[in-house]
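Structure data follow from work_22.tsv (TSV, N, CA and C atoms):
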chain	number	residue	atom	x	y	z
A	1019	MET	N	-6.58	57.76	-30.76
A	1019	MET	CA	-6.89	56.34	-30.82
A	1019	MET	C	-5.75	55.54	-30.21
A	1020	ARG	N	-6.14	54.50	-29.50
A	1020	ARG	CA	-5.12	53.65	-28.88
A	1020	ARG	C	-4.37	52.85	-29.93
A	1021	LYS	N	-3.20	52.36	-29.56
A	1021	LYS	CA	-2.37	51.61	-30.50
A	1021	LYS	C	-3.06	50.36	-31.03
A	1022	SER	N	-3.90	49.75	-30.21
A	1022	SER	CA	-4.57	48.52	-30.65
A	1022	SER	C	-5.56	48.79	-31.79
A	1023	PHE	N	-5.93	50.07	-32.01
A	1023	PHE	CA	-6.85	50.43	-33.08
A	1023	PHE	C	-6.11	50.88	-34.34
A	1024	ARG	N	-4.78	50.72	-34.39
A	1024	ARG	CA	-4.02	51.23	-35.53
A	1024	ARG	C	-3.33	50.12	-36.31
A	1025	VAL	N	-3.29	50.29	-37.62
A	1025	VAL	CA	-2.45	49.47	-38.49
A	1025	VAL	C	-1.14	50.23	-38.59
A	1026	LYS	N	-0.05	49.65	-38.10
A	1026	LYS	CA	1.21	50.39	-38.01
A	1026	LYS	C	2.30	49.84	-38.94
A	1027	LYS	N	2.40	48.53	-39.04
A	1027	LYS	CA	3.53	47.94	-39.74
A	1027	LYS	C	3.35	47.96	-41.25
A	1028	GLU	N	4.45	48.11	-41.95
A	1028	GLU	CA	4.46	48.15	-43.42
A	1028	GLU	C	3.83	46.89	-44.01
A	1029	LYS	N	4.13	45.75	-43.42
A	1029	LYS	CA	3.59	44.48	-43.89
A	1029	LYS	C	2.06	44.47	-43.81
A	1030	GLU	N	1.52	45.01	-42.71
A	1030	GLU	CA	0.06	45.06	-42.53
A	1030	GLU	C	-0.57	46.02	-43.54
A	1031	PHE	N	0.08	47.18	-43.77
A	1031	PHE	CA	-0.40	48.13	-44.78
A	1031	PHE	C	-0.46	47.45	-46.15
A	1032	GLN	N	0.61	46.76	-46.52
A	1032	GLN	CA	0.69	46.12	-47.83
A	1032	GLN	C	-0.37	45.03	-47.99
A	1033	LYS	N	-0.65	44.31	-46.91
A	1033	LYS	CA	-1.67	43.26	-46.95
A	1033	LYS	C	-3.04	43.87	-47.26
A	1034	VAL	N	-3.35	45.00	-46.63
A	1034	VAL	CA	-4.63	45.68	-46.87
A	1034	VAL	C	-4.67	46.21	-48.30
A	1035	PHE	N	-3.57	46.82	-48.78
A	1035	PHE	CA	-3.52	47.36	-50.14
A	1035	PHE	C	-3.72	46.26	-51.19
A	1036	HIS	N	-3.02	45.14	-51.02
A	1036	HIS	CA	-3.03	44.11	-52.05
A	1036	HIS	C	-4.27	43.21	-52.00
A	1037	ASN	N	-4.80	42.96	-50.80
A	1037	ASN	CA	-5.91	42.02	-50.67
A	1037	ASN	C	-7.25	42.70	-50.43
A	1038	GLY	N	-7.24	43.99	-50.12
A	1038	GLY	CA	-8.47	44.69	-49.80
A	1038	GLY	C	-9.13	45.30	-51.03
A	1039	VAL	N	-10.33	45.85	-50.81
A	1039	VAL	CA	-11.05	46.55	-51.87
A	1039	VAL	C	-11.06	48.03	-51.54
A	1040	SER	N	-11.12	48.87	-52.58
A	1040	SER	CA	-11.04	50.32	-52.34
A	1040	SER	C	-12.29	51.03	-52.82
A	1041	LYS	N	-12.59	52.12	-52.15
A	1041	LYS	CA	-13.65	53.06	-52.53
A	1041	LYS	C	-13.05	54.46	-52.35
A	1042	ALA	N	-13.57	55.43	-53.13
A	1042	ALA	CA	-12.98	56.76	-53.05
A	1042	ALA	C	-14.02	57.83	-53.32
A	1043	ASN	N	-13.73	59.03	-52.81
A	1043	ASN	CA	-14.42	60.24	-53.24
A	1043	ASN	C	-13.31	61.25	-53.55
A	1044	ARG	N	-13.64	62.51	-53.69
A	1044	ARG	CA	-12.61	63.48	-54.09
A	1044	ARG	C	-11.55	63.73	-53.02
A	1045	GLN	N	-11.89	63.49	-51.76
A	1045	GLN	CA	-10.96	63.80	-50.67
A	1045	GLN	C	-10.23	62.59	-50.09
A	1046	PHE	N	-10.85	61.41	-50.14
A	1046	PHE	CA	-10.27	60.24	-49.49
A	1046	PHE	C	-10.36	59.00	-50.37
A	1047	VAL	N	-9.42	58.08	-50.14
A	1047	VAL	CA	-9.47	56.73	-50.67
A	1047	VAL	C	-9.43	55.81	-49.46
A	1048	ILE	N	-10.29	54.79	-49.46
A	1048	ILE	CA	-10.30	53.84	-48.34
A	1048	ILE	C	-10.11	52.44	-48.89
A	1049	TYR	N	-9.14	51.71	-48.34
A	1049	TYR	CA	-8.93	50.30	-48.64
A	1049	TYR	C	-9.42	49.51	-47.44
A	1050	VAL	N	-10.22	48.46	-47.70
A	1050	VAL	CA	-10.82	47.69	-46.61
A	1050	VAL	C	-10.46	46.22	-46.77
A	1051	LEU	N	-10.10	45.60	-45.64
A	1051	LEU	CA	-9.80	44.16	-45.61
A	1051	LEU	C	-10.56	43.55	-44.44
A	1052	ASP	N	-11.41	42.55	-44.72
A	1052	ASP	CA	-12.15	41.86	-43.65
A	1052	ASP	C	-11.19	41.03	-42.82
A	1053	LYS	N	-11.37	41.08	-41.50
A	1053	LYS	CA	-10.56	40.29	-40.58
A	1053	LYS	C	-11.52	39.62	-39.60
A	1054	LYS	N	-12.10	38.50	-39.98
A	1054	LYS	CA	-13.07	37.80	-39.14
A	1054	LYS	C	-12.44	37.41	-37.81
A	1055	GLY	N	-13.20	37.61	-36.74
A	1055	GLY	CA	-12.73	37.24	-35.40
A	1055	GLY	C	-11.94	38.32	-34.71
A	1056	GLN	N	-11.66	39.41	-35.38
A	1056	GLN	CA	-10.93	40.53	-34.76
A	1056	GLN	C	-11.91	41.29	-33.86
A	1057	PRO	N	-11.51	41.62	-32.62
A	1057	PRO	CA	-12.46	42.23	-31.68
A	1057	PRO	C	-12.89	43.65	-32.05
A	1058	HIS	N	-12.05	44.40	-32.74
A	1058	HIS	CA	-12.41	45.77	-33.13
A	1058	HIS	C	-11.66	46.14	-34.40
A	1059	PHE	N	-12.12	47.22	-35.03
A	1059	PHE	CA	-11.48	47.66	-36.27
A	1059	PHE	C	-10.08	48.19	-35.99
A	1060	ARG	N	-9.25	48.21	-37.04
A	1060	ARG	CA	-7.95	48.86	-36.98
A	1060	ARG	C	-7.85	49.77	-38.19
A	1061	VAL	N	-7.26	50.94	-38.02
A	1061	VAL	CA	-7.17	51.91	-39.10
A	1061	VAL	C	-5.73	52.36	-39.27
A	1062	GLY	N	-5.35	52.58	-40.52
A	1062	GLY	CA	-4.06	53.16	-40.85
A	1062	GLY	C	-4.30	54.45	-41.62
A	1063	LEU	N	-3.48	55.45	-41.37
A	1063	LEU	CA	-3.62	56.73	-42.06
A	1063	LEU	C	-2.42	56.96	-42.97
A	1064	SER	N	-2.70	57.50	-44.15
A	1064	SER	CA	-1.64	57.84	-45.08
A	1064	SER	C	-1.90	59.24	-45.61
A	1065	VAL	N	-0.99	60.15	-45.29
A	1065	VAL	CA	-1.09	61.53	-45.78
A	1065	VAL	C	0.25	61.85	-46.44
A	1066	GLY	N	0.24	61.92	-47.76
A	1066	GLY	CA	1.49	62.07	-48.52
A	1066	GLY	C	2.05	63.48	-48.51
A	1067	LYS	N	3.26	63.60	-49.00
A	1067	LYS	CA	3.95	64.89	-49.03
A	1067	LYS	C	3.32	65.89	-49.98
A	1068	LYS	N	2.51	65.42	-50.92
A	1068	LYS	CA	1.83	66.34	-51.83
A	1068	LYS	C	0.81	67.21	-51.09
A	1069	ILE	N	0.35	66.75	-49.95
A	1069	ILE	CA	-0.66	67.47	-49.16
A	1069	ILE	C	-0.07	68.77	-48.60
A	1070	GLY	N	1.19	68.71	-48.17
A	1070	GLY	CA	1.82	69.90	-47.59
A	1070	GLY	C	3.00	69.51	-46.73
A	1071	ASN	N	3.49	70.48	-45.97
A	1071	ASN	CA	4.63	70.19	-45.09
A	1071	ASN	C	4.18	69.38	-43.88
A	1072	ALA	N	5.10	69.06	-42.98
A	1072	ALA	CA	4.80	68.19	-41.85
A	1072	ALA	C	3.70	68.76	-40.95
A	1073	VAL	N	3.69	70.05	-40.77
A	1073	VAL	CA	2.68	70.69	-39.93
A	1073	VAL	C	1.28	70.47	-40.52
A	1074	VAL	N	1.15	70.67	-41.80
A	1074	VAL	CA	-0.14	70.50	-42.48
A	1074	VAL	C	-0.56	69.02	-42.45
A	1075	ARG	N	0.39	68.12	-42.75
A	1075	ARG	CA	0.07	66.68	-42.75
A	1075	ARG	C	-0.38	66.21	-41.38
A	1076	ASN	N	0.29	66.66	-40.33
A	1076	ASN	CA	-0.10	66.26	-38.98
A	1076	ASN	C	-1.47	66.82	-38.60
A	1077	ALA	N	-1.76	68.04	-39.03
A	1077	ALA	CA	-3.08	68.63	-38.76
A	1077	ALA	C	-4.17	67.81	-39.46
A	1078	VAL	N	-3.91	67.38	-40.69
A	1078	VAL	CA	-4.87	66.56	-41.43
A	1078	VAL	C	-5.09	65.24	-40.69
A	1079	LYS	N	-4.01	64.61	-40.23
A	1079	LYS	CA	-4.14	63.35	-39.50
A	1079	LYS	C	-4.94	63.51	-38.22
A	1080	ARG	N	-4.73	64.62	-37.51
A	1080	ARG	CA	-5.51	64.88	-36.29
A	1080	ARG	C	-6.99	65.00	-36.60
A	1081	LYS	N	-7.33	65.70	-37.68
A	1081	LYS	CA	-8.73	65.86	-38.07
A	1081	LYS	C	-9.36	64.51	-38.43
A	1082	ILE	N	-8.61	63.68	-39.15
A	1082	ILE	CA	-9.13	62.36	-39.54
A	1082	ILE	C	-9.34	61.50	-38.29
A	1083	ARG	N	-8.34	61.48	-37.39
A	1083	ARG	CA	-8.46	60.70	-36.15
A	1083	ARG	C	-9.66	61.16	-35.32
A	1084	GLN	N	-9.86	62.48	-35.24
A	1084	GLN	CA	-10.99	63.01	-34.48
A	1084	GLN	C	-12.31	62.55	-35.09
A	1085	ALA	N	-12.43	62.62	-36.40
A	1085	ALA	CA	-13.65	62.17	-37.08
A	1085	ALA	C	-13.89	60.69	-36.84
A	1086	LEU	N	-12.84	59.88	-36.91
A	1086	LEU	CA	-12.99	58.44	-36.69
A	1086	LEU	C	-13.36	58.14	-35.24
A	1087	THR	N	-12.83	58.91	-34.30
A	1087	THR	CA	-13.19	58.73	-32.90
A	1087	THR	C	-14.67	59.01	-32.69
A	1088	GLU	N	-15.18	60.04	-33.35
A	1088	GLU	CA	-16.60	60.38	-33.23
A	1088	GLU	C	-17.49	59.33	-33.90
A	1089	LEU	N	-16.99	58.68	-34.94
A	1089	LEU	CA	-17.77	57.68	-35.66
A	1089	LEU	C	-17.52	56.25	-35.16
A	1090	LYS	N	-16.66	56.10	-34.17
A	1090	LYS	CA	-16.20	54.80	-33.69
A	1090	LYS	C	-17.33	53.81	-33.39
A	1091	ALA	N	-18.38	54.26	-32.72
A	1091	ALA	CA	-19.48	53.38	-32.33
A	1091	ALA	C	-20.26	52.86	-33.54
A	1092	ASP	N	-20.25	53.59	-34.65
A	1092	ASP	CA	-21.03	53.21	-35.83
A	1092	ASP	C	-20.23	52.39	-36.84
A	1093	LEU	N	-18.94	52.20	-36.60
A	1093	LEU	CA	-18.11	51.48	-37.57
A	1093	LEU	C	-18.21	49.97	-37.40
A	1094	VAL	N	-18.12	49.24	-38.52
A	1094	VAL	CA	-18.04	47.79	-38.50
A	1094	VAL	C	-16.75	47.43	-37.76
A	1095	GLN	N	-16.80	46.38	-36.94
A	1095	GLN	CA	-15.67	46.12	-36.04
A	1095	GLN	C	-14.60	45.16	-36.56
A	1096	ASP	N	-14.96	44.15	-37.34
A	1096	ASP	CA	-13.97	43.12	-37.69
A	1096	ASP	C	-13.29	43.39	-39.04
A	1097	ILE	N	-12.65	44.57	-39.14
A	1097	ILE	CA	-11.97	44.96	-40.38
A	1097	ILE	C	-10.67	45.69	-40.07
A	1098	ASP	N	-9.81	45.72	-41.06
A	1098	ASP	CA	-8.68	46.64	-41.11
A	1098	ASP	C	-8.96	47.57	-42.28
A	1099	PHE	N	-8.71	48.86	-42.11
A	1099	PHE	CA	-8.84	49.76	-43.25
A	1099	PHE	C	-7.81	50.87	-43.22
A	1100	ILE	N	-7.49	51.35	-44.41
A	1100	ILE	CA	-6.50	52.40	-44.60
A	1100	ILE	C	-7.22	53.61	-45.18
A	1101	VAL	N	-6.98	54.78	-44.59
A	1101	VAL	CA	-7.54	56.03	-45.10
A	1101	VAL	C	-6.40	56.81	-45.74
A	1102	ILE	N	-6.54	57.12	-47.02
A	1102	ILE	CA	-5.54	57.91	-47.73
A	1102	ILE	C	-6.16	59.27	-48.03
A	1103	ALA	N	-5.49	60.32	-47.57
A	1103	ALA	CA	-5.99	61.68	-47.79
A	1103	ALA	C	-5.48	62.21	-49.13
A	1104	ARG	N	-6.36	62.90	-49.84
A	1104	ARG	CA	-5.98	63.56	-51.09
A	1104	ARG	C	-5.81	65.05	-50.84
A	1105	LYS	N	-5.28	65.74	-51.82
A	1105	LYS	CA	-4.88	67.15	-51.67
A	1105	LYS	C	-5.96	68.10	-51.13
A	1106	PRO	N	-7.23	68.02	-51.54
A	1106	PRO	CA	-8.22	68.99	-51.05
A	1106	PRO	C	-8.42	68.97	-49.52
A	1107	VAL	N	-8.03	67.91	-48.86
A	1107	VAL	CA	-8.24	67.79	-47.41
A	1107	VAL	C	-7.48	68.86	-46.64
A	1108	ALA	N	-6.37	69.33	-47.18
A	1108	ALA	CA	-5.53	70.30	-46.47
A	1108	ALA	C	-6.27	71.59	-46.15
A	1109	GLU	N	-7.23	71.99	-47.00
A	1109	GLU	CA	-7.96	73.24	-46.77
A	1109	GLU	C	-9.30	73.05	-46.07
A	1110	MET	N	-9.62	71.82	-45.68
A	1110	MET	CA	-10.94	71.54	-45.09
A	1110	MET	C	-10.95	71.72	-43.58
A	1111	SER	N	-12.11	72.11	-43.05
A	1111	SER	CA	-12.28	72.20	-41.60
A	1111	SER	C	-12.54	70.79	-41.06
A	1112	ALA	N	-12.52	70.67	-39.73
A	1112	ALA	CA	-12.75	69.37	-39.10
A	1112	ALA	C	-14.15	68.85	-39.43
A	1113	ALA	N	-15.14	69.71	-39.46
A	1113	ALA	CA	-16.51	69.30	-39.78
A	1113	ALA	C	-16.61	68.80	-41.22
A	1114	GLU	N	-15.93	69.47	-42.15
A	1114	GLU	CA	-15.93	69.06	-43.54
A	1114	GLU	C	-15.22	67.71	-43.72
A	1115	VAL	N	-14.13	67.52	-42.97
A	1115	VAL	CA	-13.40	66.25	-43.02
A	1115	VAL	C	-14.32	65.12	-42.55
A	1116	LYS	N	-15.03	65.35	-41.45
A	1116	LYS	CA	-15.93	64.32	-40.92
A	1116	LYS	C	-17.03	64.00	-41.92
A	1117	LYS	N	-17.61	65.02	-42.55
A	1117	LYS	CA	-18.69	64.81	-43.52
A	1117	LYS	C	-18.19	64.00	-44.71
A	1118	SER	N	-17.04	64.35	-45.25
A	1118	SER	CA	-16.48	63.66	-46.40
A	1118	SER	C	-16.08	62.22	-46.04
A	1119	LEU	N	-15.49	62.07	-44.85
A	1119	LEU	CA	-15.08	60.73	-44.40
A	1119	LEU	C	-16.31	59.85	-44.19
A	1120	THR	N	-17.37	60.40	-43.63
A	1120	THR	CA	-18.62	59.66	-43.45
A	1120	THR	C	-19.15	59.20	-44.80
A	1121	HIS	N	-19.08	60.07	-45.81
A	1121	HIS	CA	-19.55	59.73	-47.16
A	1121	HIS	C	-18.79	58.54	-47.73
A	1122	VAL	N	-17.48	58.58	-47.65
A	1122	VAL	CA	-16.68	57.49	-48.24
A	1122	VAL	C	-16.80	56.21	-47.39
A	1123	LEU	N	-17.02	56.33	-46.08
A	1123	LEU	CA	-17.25	55.14	-45.25
A	1123	LEU	C	-18.58	54.49	-45.61
A	1124	LYS	N	-19.59	55.30	-45.93
A	1124	LYS	CA	-20.88	54.75	-46.38
A	1124	LYS	C	-20.71	54.02	-47.70
A	1125	LEU	N	-19.92	54.59	-48.61
A	1125	LEU	CA	-19.66	53.94	-49.89
A	1125	LEU	C	-19.01	52.57	-49.69
A	1126	SER	N	-18.17	52.47	-48.67
A	1126	SER	CA	-17.44	51.24	-48.38
A	1126	SER	C	-18.24	50.27	-47.52
A	1127	ASN	N	-19.46	50.66	-47.15
A	1127	ASN	CA	-20.30	49.84	-46.26
A	1127	ASN	C	-19.65	49.58	-44.91
A	1128	LEU	N	-18.98	50.58	-44.36
A	1128	LEU	CA	-18.31	50.43	-43.07
A	1128	LEU	C	-19.12	51.02	-41.91
A	1129	LEU	N	-20.17	51.76	-42.21
A	1129	LEU	CA	-21.00	52.34	-41.16
A	1129	LEU	C	-22.20	51.44	-40.92
A	1130	LYS	N	-22.42	51.07	-39.66
A	1130	LYS	CA	-23.51	50.17	-39.31
A	1130	LYS	C	-24.87	50.85	-39.34
A	1131	ASN	N	-25.01	51.94	-38.60
A	1131	ASN	CA	-26.32	52.52	-38.32
A	1131	ASN	C	-26.77	53.59	-39.30
A	1132	LYS	N	-25.90	54.07	-40.17
A	1132	LYS	CA	-26.25	55.22	-40.99
A	1132	LYS	C	-26.44	54.85	-42.43

What would you get if you wrote out this structure as structure tokens?
Amino acid sequence: MRKSFRVKKEKEFQKVFHNGVSKANRQFVIYVLDKKGQPHFRVGLSVGKKIGNAVVRNAVKRKIRQALTELKADLVQDIDFIVIARKPVAEMSAAEVKKSLTHVLKLSNLLKNK
């Protein structure tokens, strides 16, 4: 994902955490903040040290980014959201990550067509 699609700064993360609403399933927590007038969504990823070492955490982030890239056309555009991975994600395949992420995005009403 390009930089314009990412929430990078600590201040932006905190704004989403404090002002947004959250939904969760066993694998992910998603915080959502509406940003009216924003041309496209922005996403931040958080994969904590409890998940595993740096290699495992980076692999999890790659899987999440890939799933979001595949779902990009179906996502609501004028929002910022944070995806927090929980421990079970470390053992999941890319297809399982996408399925679980799709589930929690539906719970958050972030998917347009599905």

task = Enumerate as a ChimeraX atom specification all residues of stretch 1029-1129 of chain A assigned to alpha helix (DSSP H) by DSSP on the backbone, naming them with the chain letters and numbers the document uses.
result = /A:1029-1037,1072-1089,1112-1125

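The spacing separating atom C of A:Leu1093 from atom C of A:Pro1057 amounts to 9.8 Å.
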
message = Report as a PyMOL selection string all protein, DNA and RNA residues lying within 6 Å of stretch 1066-1074 of chain A, evaluated on only N, CA and C atoms, omitting residues in the same chain fewer than 6 positions from it.
response = chain A and resi 1103-1105

key: Given only C-alpha atoms as the counted atoms, nearest of A:Ser1064, A:Ser1111, A:Asn1127, A:Asn1076 to A:Gln1095   = A:Asn1127

key: Proximity to A:Arg1044 - best of A:Val1094, A:Leu1089, A:Val1107, A:Leu1128, all atoms listed in the file   = A:Val1107

key: Between atom C of A:Lys1130 and atom N of A:Lys1027, distance in Å (one decimal)   = 27.4 Å

task = Have a look at A:Ala1112, A:Leu1051, A:Leu1119, A:Val1078 and name the one nearest to A:Asp1098; count only N, CA and C atoms.
result = A:Leu1051

ask   = So what do you get for atom CA of A:Met1110 versus atom CA of A:Gly1038, distance-wise?
value = 27.4 Å

key: Within-8 Å shell of (-8.9, 59.7, -51.6) in input frame, only C-alpha atoms, as a PyMOL selection string   = chain A and resi 1042-1048+1101-1104

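Nearest to A:Asp1092 of all the residues A:Val1061, A:Leu1123, A:Val1034, A:Leu1129 is A:Leu1129, counting only N, CA and C atoms.
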
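Residues of stretch 1032-1127 of chain A carrying a DSSP assignment of strand (DSSP E or B), computed from the backbone, are Val1039, Ser1040, Lys1041, Ala1042, Phe1046, Val1047, Ile1048, Tyr1049, Val1050, Leu1051, Asp1052, Arg1060, Val1061, Gly1062, Leu1063, Ser1064, Val1065, Leu1093, Ile1097, Asp1098, Phe1099, Ile1100, Val1101, Ile1102 and Ala1103 of chain A.
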
Residue nearest A:Arg1060 among A:Ala1108, A:Ala1077, A:Leu1086, A:Ile1097 (counting all atoms listed in the file) = A:Ile1097
